[in-house]
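Here's the structure we're looking at; comments come further down.
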Amino acid sequence: MNELTHGDFTDALEPFALFDAWFAHAREKEINDPSAMALATVDPAGMPNVRMVLMKEHDARGFVFYTNRESVKGRELDGSFKAAAVFHWKSLRRQVRVRGPVEEVTPAESDAYFASRPRDARIGAWASQQSRPVESRFAFEKAIAAIALKYPLGDVPRPPHWIGYRIKPVEMEFWHDRPFRLHDRVVFRRDAPDGGWEKERLFP
């Protein structure tokens, strides 16, 4: 795919097709993982948290990632059901910011993605009490070994606490580097996840 021109970028009428084009280009050209995104949540006191996760699916409904709902991020998501994320494709000098309400994906969607993971990753999902203290690396490896013995052959089922979340954006901002910090910024906003988009150009 050829790189999009600035005209294509700023003339876009809705954000999902623009994201599709940018993400396809990032999958071709970005030297690091193009699906990596920084995910921001808040705790009950309003203190923010941010960490890198991998986007596993995206469409007009939103952006999907998977995690242990008993982890810090899972508890914070379950507390507010809101999140923000940013994709930064450094080698392409582009970023996309997303924020909005969050919903759980269906159990069938979580089952299907979990089944697609490598067997060792599925065992690790059972063994890791994500975000909680562990006395040593050896203790974690013992937990992995115990799960491997429990499921020596055949399928490793999805843990009930391992689920997917979908960010349903009400705001998406596209940023493209330009010389002398004269960057291009375009933001799309809507009042609700099923509403129509309004577009606005921003000062860099």
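Ordered as shown in the structure tokens, chains take letters A, B, and onward, while each chain numbers its residues from 1 and ligands are numbered from 1 in the order shown.
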Test item, strand (DSSP E) assignment across stretch 7-201 of chain A, answer as a ChimeraX atom specification: /A:36-42,48-54,57-59,62-68,82-89,94-104,162-167,171-176,184-189,198-201
Please produce a file of the residues just selected, as a PDB file, in the first residue's frame, where the atoms kept are C-alpha atoms.
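Output contents, as saved in selection-v9.pdb:
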```pdb
ATOM      1  CA  ALA A  36       0.539  -2.526  20.374  1.00  0.00           C
ATOM      2  CA  MET A  37      -1.429   0.196  22.131  1.00  0.00           C
ATOM      3  CA  ALA A  38      -1.055   2.038  25.420  1.00  0.00           C
ATOM      4  CA  LEU A  39      -4.218   1.411  27.427  1.00  0.00           C
ATOM      5  CA  ALA A  40      -5.246   3.925  30.101  1.00  0.00           C
ATOM      6  CA  THR A  41      -7.706   3.225  32.924  1.00  0.00           C
ATOM      7  CA  VAL A  42      -8.460   4.847  36.293  1.00  0.00           C
ATOM      8  CA  PRO A  48      -4.765   6.884  36.160  1.00  0.00           C
ATOM      9  CA  ASN A  49      -2.896   3.769  35.101  1.00  0.00           C
ATOM     10  CA  VAL A  50      -1.390   3.031  31.693  1.00  0.00           C
ATOM     11  CA  ARG A  51       0.255  -0.047  30.191  1.00  0.00           C
ATOM     12  CA  MET A  52       0.906  -1.620  26.793  1.00  0.00           C
ATOM     13  CA  VAL A  53      -1.494  -4.262  25.479  1.00  0.00           C
ATOM     14  CA  LEU A  54      -2.112  -5.810  22.077  1.00  0.00           C
ATOM     15  CA  GLU A  57      -9.496  -7.242  16.659  1.00  0.00           C
ATOM     16  CA  HIS A  58     -10.971  -4.035  15.322  1.00  0.00           C
ATOM     17  CA  ASP A  59     -14.044  -3.142  13.287  1.00  0.00           C
ATOM     18  CA  GLY A  62     -14.454  -0.820  18.324  1.00  0.00           C
ATOM     19  CA  PHE A  63     -11.079  -2.145  19.464  1.00  0.00           C
ATOM     20  CA  VAL A  64     -10.727  -5.480  21.271  1.00  0.00           C
ATOM     21  CA  PHE A  65      -8.047  -6.679  23.683  1.00  0.00           C
ATOM     22  CA  TYR A  66      -7.928  -9.586  26.149  1.00  0.00           C
ATOM     23  CA  THR A  67      -6.806  -9.793  29.760  1.00  0.00           C
ATOM     24  CA  ASN A  68      -7.348 -11.345  33.179  1.00  0.00           C
ATOM     25  CA  LYS A  82     -14.302   3.485  30.322  1.00  0.00           C
ATOM     26  CA  ALA A  83     -10.816   3.542  28.778  1.00  0.00           C
ATOM     27  CA  ALA A  84      -8.494   5.378  26.448  1.00  0.00           C
ATOM     28  CA  ALA A  85      -5.772   4.020  24.180  1.00  0.00           C
ATOM     29  CA  VAL A  86      -3.089   5.295  21.847  1.00  0.00           C
ATOM     30  CA  PHE A  87      -1.338   3.621  18.928  1.00  0.00           C
ATOM     31  CA  HIS A  88       2.104   5.093  18.216  1.00  0.00           C
ATOM     32  CA  TRP A  89       3.761   3.984  14.992  1.00  0.00           C
ATOM     33  CA  ARG A  94       1.850   8.657  13.238  1.00  0.00           C
ATOM     34  CA  GLN A  95      -0.378   8.114  16.219  1.00  0.00           C
ATOM     35  CA  VAL A  96      -4.065   7.439  16.817  1.00  0.00           C
ATOM     36  CA  ARG A  97      -5.822   8.205  20.094  1.00  0.00           C
ATOM     37  CA  VAL A  98      -9.071   6.454  21.064  1.00  0.00           C
ATOM     38  CA  ARG A  99     -11.368   6.831  24.057  1.00  0.00           C
ATOM     39  CA  GLY A 100     -14.843   5.766  25.022  1.00  0.00           C
ATOM     40  CA  PRO A 101     -16.956   3.319  27.007  1.00  0.00           C
ATOM     41  CA  VAL A 102     -15.908  -0.314  27.290  1.00  0.00           C
ATOM     42  CA  GLU A 103     -17.963  -3.500  27.022  1.00  0.00           C
ATOM     43  CA  GLU A 104     -17.146  -7.164  27.471  1.00  0.00           C
ATOM     44  CA  TRP A 162      -9.790 -14.423  31.083  1.00  0.00           C
ATOM     45  CA  ILE A 163     -11.993 -12.255  28.880  1.00  0.00           C
ATOM     46  CA  GLY A 164     -12.038  -9.703  26.114  1.00  0.00           C
ATOM     47  CA  TYR A 165     -12.983  -6.040  26.326  1.00  0.00           C
ATOM     48  CA  ARG A 166     -14.012  -3.732  23.503  1.00  0.00           C
ATOM     49  CA  ILE A 167     -13.409   0.031  23.540  1.00  0.00           C
ATOM     50  CA  GLU A 171     -13.488  10.090  20.126  1.00  0.00           C
ATOM     51  CA  MET A 172     -10.671   9.207  17.712  1.00  0.00           C
ATOM     52  CA  GLU A 173      -7.796  11.541  16.953  1.00  0.00           C
ATOM     53  CA  PHE A 174      -5.291  11.092  14.113  1.00  0.00           C
ATOM     54  CA  TRP A 175      -1.874  12.763  14.295  1.00  0.00           C
ATOM     55  CA  HIS A 176       0.766  12.874  11.576  1.00  0.00           C
ATOM     56  CA  ASP A 184      -1.583  17.516  11.166  1.00  0.00           C
ATOM     57  CA  ARG A 185      -4.241  16.663  13.774  1.00  0.00           C
ATOM     58  CA  VAL A 186      -7.820  15.674  13.021  1.00  0.00           C
ATOM     59  CA  VAL A 187     -10.310  14.527  15.664  1.00  0.00           C
ATOM     60  CA  PHE A 188     -13.648  12.750  15.201  1.00  0.00           C
ATOM     61  CA  ARG A 189     -16.213  12.961  18.024  1.00  0.00           C
ATOM     62  CA  GLU A 198     -18.306  15.235  13.721  1.00  0.00           C
ATOM     63  CA  LYS A 199     -14.820  16.121  12.511  1.00  0.00           C
ATOM     64  CA  GLU A 200     -12.570  18.946  13.616  1.00  0.00           C
ATOM     65  CA  ARG A 201      -9.042  19.955  12.741  1.00  0.00           C
TER      66      ARG A 201
END
```
Exercise for review: Go ahead and compute the interatomic distance for atom CA of A:Ser80 and atom CA of A:Ala192, in Å to one decimal.
Suggested key: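 Atom CA of A:Ala192 lies at a distance of 16.1 Å from atom CA of A:Ser80.
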(request) Write out as a list of chain:residue names which residues come within 12 Å of stretch 134-151 of chain A when counting only C-alpha atoms, dropping same-chain ones fewer than 3 positions away. (result)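 The residues that qualify are A:Arg119, A:Asp120, A:Ala121, A:Arg122, A:Ile123, A:Gly124, A:Ala125, A:Trp126, A:Ala127, A:Ser128, A:Gln129, A:Gln130, A:Ser131, A:Gly154, A:Asp155, A:Val156, A:Pro157, A:Arg158, A:Pro159.
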(Q) Which of chain A end up as alpha helix (DSSP H) when DSSP is run on this backbone - answer as a PyMOL selection string? (A) chain A and resi 6-10+15-29+72-80+107-116+119-127+137-150
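Omitting A:Lys29 and its sequence neighbours fewer than 5 positions away, and counting only C-alpha atoms, the residues within 9 Å are Ala24, Pro34, Ser91 and Leu92 of chain A.
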*asked:* Rounded to one decimal, what separation in Å do you get between atom CA of A:Ala108 and atom CA of A:Gly79?
replied: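 Separation between atom CA of A:Ala108 and atom CA of A:Gly79: 23.1 Å.
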